[in-house]
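So this block is final_25.txt, compact mmCIF, C-alpha atoms:
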```
# COMPACT_ATOMS: atom_id res chain seq x y z
CA MET A 1 124.24 2.87 124.69
CA LEU A 2 127.40 4.95 124.44
CA GLN A 3 127.10 8.71 124.50
CA PRO A 4 128.18 10.30 121.19
CA GLN A 5 131.61 11.87 121.48
CA ILE A 6 131.58 15.65 121.28
CA PRO A 7 134.57 16.64 119.12
CA ASP A 8 137.29 19.01 120.23
CA CYS A 9 136.51 21.88 117.87
CA THR A 10 139.92 23.48 117.90
CA GLN A 11 140.79 25.25 114.65
CA HIS A 12 143.24 22.59 113.45
CA TYR A 13 145.57 22.58 110.44
CA PHE A 14 147.82 19.84 109.11
CA LEU A 15 150.77 20.93 106.97
CA GLY A 16 152.84 18.50 104.95
CA LEU A 17 156.30 19.54 103.72
CA ASP A 18 158.07 17.35 101.15
CA LEU A 19 161.70 18.30 100.56
CA GLY A 20 163.06 18.21 97.03
CA LYS A 21 166.40 16.97 95.87
CA ARG A 22 168.39 17.87 92.77
CA VAL A 23 165.69 16.78 90.32
CA ASP A 24 162.60 17.25 92.52
CA ARG A 25 160.96 20.35 93.92
CA SER A 26 160.03 20.95 97.55
CA ALA A 27 156.28 21.17 98.14
CA LEU A 28 153.91 22.31 100.87
CA ALA A 29 150.29 21.26 101.43
CA VAL A 30 147.89 22.71 104.01
CA LEU A 31 144.82 20.78 105.16
CA GLU A 32 142.11 22.38 107.29
CA LEU A 33 139.99 20.30 109.65
CA GLN A 34 136.27 21.07 109.49
CA TRP A 35 133.34 19.52 111.34
CA GLU A 36 130.21 19.11 109.24
CA ASP A 37 126.82 19.28 110.91
CA ARG A 38 125.03 15.92 111.01
CA GLY A 39 122.03 16.96 113.04
CA PHE A 40 121.26 16.57 116.73
CA ASP A 41 121.16 13.54 119.02
CA ARG A 42 117.83 13.86 120.83
CA VAL A 43 118.70 11.11 123.31
CA TRP A 44 121.93 12.67 124.62
CA HIS A 45 121.09 16.26 123.59
CA VAL A 46 124.38 16.83 121.81
CA PRO A 47 125.16 17.98 118.24
CA LEU A 48 126.41 15.35 115.79
CA ARG A 49 129.35 16.39 113.66
CA ARG A 50 131.53 14.59 111.11
CA PRO A 51 135.16 15.55 110.37
CA VAL A 52 136.51 16.34 106.92
CA VAL A 53 139.85 17.84 105.89
CA ARG A 54 140.03 20.32 103.03
CA LEU A 55 143.12 21.16 101.05
CA ILE A 56 143.33 24.96 101.23
CA ARG A 57 146.86 25.47 99.90
CA ALA A 58 149.34 23.55 97.73
CA ASP A 59 152.72 25.02 96.77
CA ARG A 60 155.39 23.58 94.49
CA PHE A 61 158.57 25.60 95.05
CA PRO A 62 161.19 26.39 92.37
CA LEU A 63 163.64 23.65 91.52
CA GLY A 64 166.83 23.99 93.52
CA MET A 65 165.37 26.31 96.16
CA PRO A 66 167.74 26.27 99.18
CA TYR A 67 166.27 24.69 102.29
CA LEU A 68 167.18 27.86 104.21
CA ASP A 69 164.58 29.77 102.17
CA LEU A 70 161.76 27.60 103.54
CA PRO A 71 161.57 28.66 107.24
CA PRO A 72 160.40 32.26 106.53
CA ILE A 73 157.83 30.92 104.05
CA LEU A 74 156.52 28.48 106.65
CA ALA A 75 156.40 31.21 109.30
CA ASP A 76 154.34 33.40 106.95
CA VAL A 77 151.90 30.58 106.16
CA LEU A 78 151.43 29.81 109.86
CA ARG A 79 150.72 33.49 110.59
CA ARG A 80 148.14 33.55 107.78
CA LEU A 81 146.44 30.50 109.24
CA GLU A 82 146.19 32.13 112.66
CA ARG A 83 144.48 35.15 111.08
CA LEU A 84 141.80 33.15 109.26
CA PRO A 85 138.25 33.72 110.55
CA LEU A 86 137.02 31.19 113.05
CA LEU A 87 135.02 28.36 111.49
CA PRO A 88 131.39 28.06 112.69
CA GLY A 89 131.16 26.02 115.89
CA ASN A 90 134.89 26.04 116.64
CA ALA A 91 136.30 27.10 119.99
CA PRO A 92 137.42 30.76 120.03
CA LYS A 93 141.16 31.46 120.20
CA ALA A 94 141.97 27.76 120.03
CA TYR A 95 144.36 27.08 117.17
CA ARG A 96 146.55 24.07 116.52
CA GLN A 97 148.95 23.56 113.65
CA ASP A 98 150.87 20.35 112.98
CA LEU A 99 153.78 20.62 110.55
CA VAL A 100 154.82 17.23 109.16
CA VAL A 101 158.36 17.53 107.78
CA ASP A 102 160.15 15.13 105.44
CA ALA A 103 163.10 14.37 107.72
CA ALA A 104 165.07 12.03 105.47
CA ASN A 105 168.64 12.93 104.54
CA ALA A 106 169.14 16.72 104.64
CA GLY A 107 165.67 17.13 106.17
CA VAL A 108 167.22 16.58 109.60
CA PHE A 109 169.26 19.76 109.07
CA LEU A 110 166.12 21.76 108.21
CA LEU A 111 164.29 20.27 111.18
CA GLU A 112 166.98 21.57 113.55
CA ILE A 113 166.58 25.05 112.07
CA LEU A 114 162.80 24.95 112.44
CA GLN A 115 163.12 23.80 116.06
CA LYS A 116 165.39 26.74 116.87
CA GLN A 117 162.95 29.18 115.27
CA ARG A 118 160.15 27.96 117.54
CA LEU A 119 157.43 28.19 114.95
CA PRO A 120 153.84 28.20 116.28
CA ALA A 121 153.33 24.59 115.21
CA THR A 122 153.92 21.07 116.44
CA LEU A 123 156.79 19.66 114.39
CA VAL A 124 156.30 16.04 113.28
CA PRO A 125 159.42 14.66 111.52
CA VAL A 126 158.77 11.74 109.17
CA SER A 127 161.24 9.57 107.30
CA ILE A 128 159.54 7.93 104.32
CA THR A 129 160.71 4.35 103.97
CA GLY A 130 159.95 1.26 101.93
CA GLY A 131 159.05 -1.02 104.84
CA GLU A 132 155.69 -2.39 105.96
CA GLN A 133 155.11 -0.84 109.39
CA GLU A 134 155.33 2.66 110.79
CA ASN A 135 157.46 3.17 113.89
CA ARG A 136 158.60 6.02 116.08
CA LEU A 137 162.38 6.12 116.18
CA ALA A 138 164.89 7.72 118.52
CA GLY A 139 164.68 11.49 118.44
CA GLY A 140 160.94 11.45 117.84
CA ILE A 141 161.22 10.79 114.08
CA TRP A 142 158.44 8.68 112.59
CA SER A 143 159.42 5.99 110.09
CA VAL A 144 156.45 5.71 107.72
CA PRO A 145 156.47 3.43 104.64
CA ARG A 146 155.37 5.08 101.42
CA PRO A 147 152.65 2.41 100.87
CA ILE A 148 151.07 3.38 104.20
CA LEU A 149 151.13 7.08 103.29
CA PHE A 150 149.37 6.54 99.99
CA SER A 151 146.97 3.83 101.15
CA ASN A 152 145.80 6.26 103.86
CA LEU A 153 145.43 9.00 101.24
CA ARG A 154 143.33 6.70 99.04
CA LEU A 155 141.22 5.64 102.02
CA LEU A 156 140.35 9.24 102.91
CA PHE A 157 139.41 9.98 99.29
CA GLU A 158 137.21 6.89 99.13
CA ALA A 159 135.61 7.77 102.47
CA GLY A 160 134.86 11.23 101.11
CA THR A 161 136.58 12.98 104.01
CA LEU A 162 139.43 14.56 102.03
CA ARG A 163 138.29 17.42 99.79
CA ILE A 164 139.86 19.57 97.09
CA ALA A 165 138.35 22.76 95.65
CA GLN A 166 138.22 23.41 91.93
CA ASP A 167 139.31 27.01 92.55
CA LEU A 168 142.56 25.92 94.21
CA PRO A 169 145.44 27.18 92.02
CA GLY A 170 146.83 24.36 89.90
CA TYR A 171 143.78 22.18 90.58
CA ARG A 172 143.97 20.10 87.39
CA THR A 173 147.69 19.44 87.71
CA LEU A 174 147.26 18.52 91.36
CA VAL A 175 144.41 16.08 90.67
CA GLU A 176 146.45 14.45 87.91
CA GLU A 177 149.42 14.11 90.24
CA LEU A 178 147.34 12.60 93.05
CA LEU A 179 145.64 10.13 90.72
CA SER A 180 148.94 8.99 89.19
CA ALA A 181 150.91 8.73 92.45
CA LYS A 182 151.77 5.14 93.36
CA ALA A 183 152.34 3.53 96.72
CA SER A 184 155.08 1.30 95.31
CA GLY A 185 156.82 0.35 92.10
CA PRO A 186 158.07 2.83 89.48
CA GLN A 187 157.16 6.34 90.56
CA ARG A 188 155.96 9.30 88.54
CA ALA A 189 158.72 11.75 87.66
CA HIS A 190 157.33 14.48 89.94
CA ASP A 191 154.96 13.65 92.79
CA ASP A 192 156.19 16.20 95.33
CA VAL A 193 152.79 17.82 96.03
CA ALA A 194 151.14 14.40 96.30
CA ILE A 195 153.68 13.43 98.96
CA ALA A 196 153.10 16.71 100.83
CA VAL A 197 149.33 16.08 100.82
CA ALA A 198 149.90 12.47 101.91
CA LEU A 199 152.08 13.60 104.84
CA GLY A 200 149.44 16.02 106.09
CA ALA A 201 146.64 13.49 105.59
CA TRP A 202 148.61 10.80 107.45
CA ARG A 203 148.93 13.06 110.50
CA ALA A 204 145.27 14.10 110.28
CA ALA A 205 144.10 10.48 110.23
CA ARG A 206 146.29 9.60 113.21
CA GLU A 207 144.86 12.51 115.21
CA ILE A 208 141.25 12.15 113.97
CA PRO A 209 140.58 8.41 113.31
CA GLU A 210 136.95 9.22 112.37
CA LEU A 211 138.29 10.57 109.07
CA ARG A 212 138.69 6.98 107.89
CA GLN A 213 134.96 6.28 108.31
CA PRO A 214 132.86 6.49 105.13
CA HIS A 215 131.15 9.80 104.51
CA PRO A 216 127.38 9.85 103.82
CA GLN A 217 128.04 11.57 100.47
CA ARG A 218 129.64 8.85 98.40
CA VAL A 219 132.66 9.88 96.40
CA THR A 220 132.40 10.19 92.63
CA ALA A 221 134.19 8.02 90.09
CA SER A 222 137.07 10.49 90.01
CA LYS A 223 137.69 9.72 93.71
CA PHE A 224 137.39 13.37 94.68
CA LEU A 225 134.66 15.38 96.35
CA VAL A 226 134.89 18.86 94.90
CA ASN A 227 133.82 21.88 96.92
CA PRO A 228 133.80 25.05 94.83
CA GLY A 229 134.03 28.17 96.97
CA GLN A 230 135.91 26.73 99.94
CA ARG A 231 138.39 29.21 101.38
CA ILE A 232 141.98 29.02 100.26
CA ILE A 233 145.11 30.91 101.39
```
Let me see the structure of the file written as structure tokens.
Amino acid sequence: MLQPQIPDCTQHYFLGLDLGKRVDRSALAVLELQWEDRGFDRVWHVPLRRPVVRLIRADRFPLGMPYLDLPPILADVLRRLERLPLLPGNAPKAYRQDLVVDAANAGVFLLEILQKQRLPATLVPVSITGGEQENRLAGGIWSVPRPILFSNLRLLFEAGTLRIAQDLPGYRTLVEELLSAKASGPQRAHDDVAIAVALGAWRAAREIPELRQPHPQRVTASKFLVNPGQRII
């Protein structure tokens, strides 16, 4: 019998940044990792906890916003995250923030700026492609096919481990966008926030594979578990 794994309860955030072009807006999504109590293992005398990620912020920036306006916004968001109260059961003074950046085209330019600013986050550059496999390229950039991004997003929703609160600003628009986003074929006119959420969720699932395991609370027909009252920033 294997001993249950005790999770690393670092206060962990996954940020996804999708960069807009001339007709699309840039968007930012912030996911917070939480460990839900599942009781106590009386054989190994350890607590049982299940991971979920909760969307606590989703921003769609003005059309045509210069990329140079984004670094101070990101720095402010990261500072706000560091000031959030510690979640129950998490390790004190242990914060980790992963910033997944759309690094295609001009995104490489923004990535260089963010690296020079030394933001308190691990930068994860991703180039969204149309292939079939994800790969890590020279320079540390991940090549991730869009179908993989959105199939992972759908899997987390179906497992019940990706949550959205009804009191999140723009909730209805966001849900509509996530439900209409497609992994392939003709795309919706504006799916920038959906891509930002998918980028953060992709990183979360790579770091916490347990997120892909079905949650005891089965998801509703709308494919979302709603948590009114979760904290948002």
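Excluding region 199-204 of chain A itself and same-chain residues fewer than 6 positions from it, the residues having an atom within 7 Å of it are Phe14, Leu15, Gly16, Leu31, Val100, Leu149, Asn152 and Leu153 of chain A, counting all atoms listed in the file.
Take the candidates A:Leu70, A:Met65, A:Leu114, A:Asn90 and check each one against Arg49 (chain A) using only C-alpha atoms; the shortest distance goes to A:Asn90.
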remark   = Taken to one decimal, the CA of Leu119 (chain A)-CA of Ile195 (chain A) distance is 22.1 Å
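With distances restricted to all atoms listed in the file, A:Arg146 is the closest residue to Ile128 (chain A) from A:Arg50, A:Lys116, A:Arg146, A:Arg79.
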request  = Rank A:Asp102, A:Asp167, A:Glu158, A:Glu207 by their smallest atom-to-atom distance to Ala27 (chain A), using all atoms listed in the file, and report the top residue only.
outcome  =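 Looking at the shortest contact to Ala27 (chain A), the residue is A:Asp102.
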note = One decimal place gives the CA of Arg80 (chain A)-CA of Val126 (chain A) separation as 24.3 Å
inquiry  = If I take CA of Ala159 (chain A) and CA of Pro209 (chain A), how far is one from the other in Å, to one decimal?
reply    = 11.9 Å
Distance criterion (all atoms listed in the file): nearest to Pro169 (chain A) out of A:Leu55, A:Asn105, A:Ala91, A:Pro85 = A:Leu55
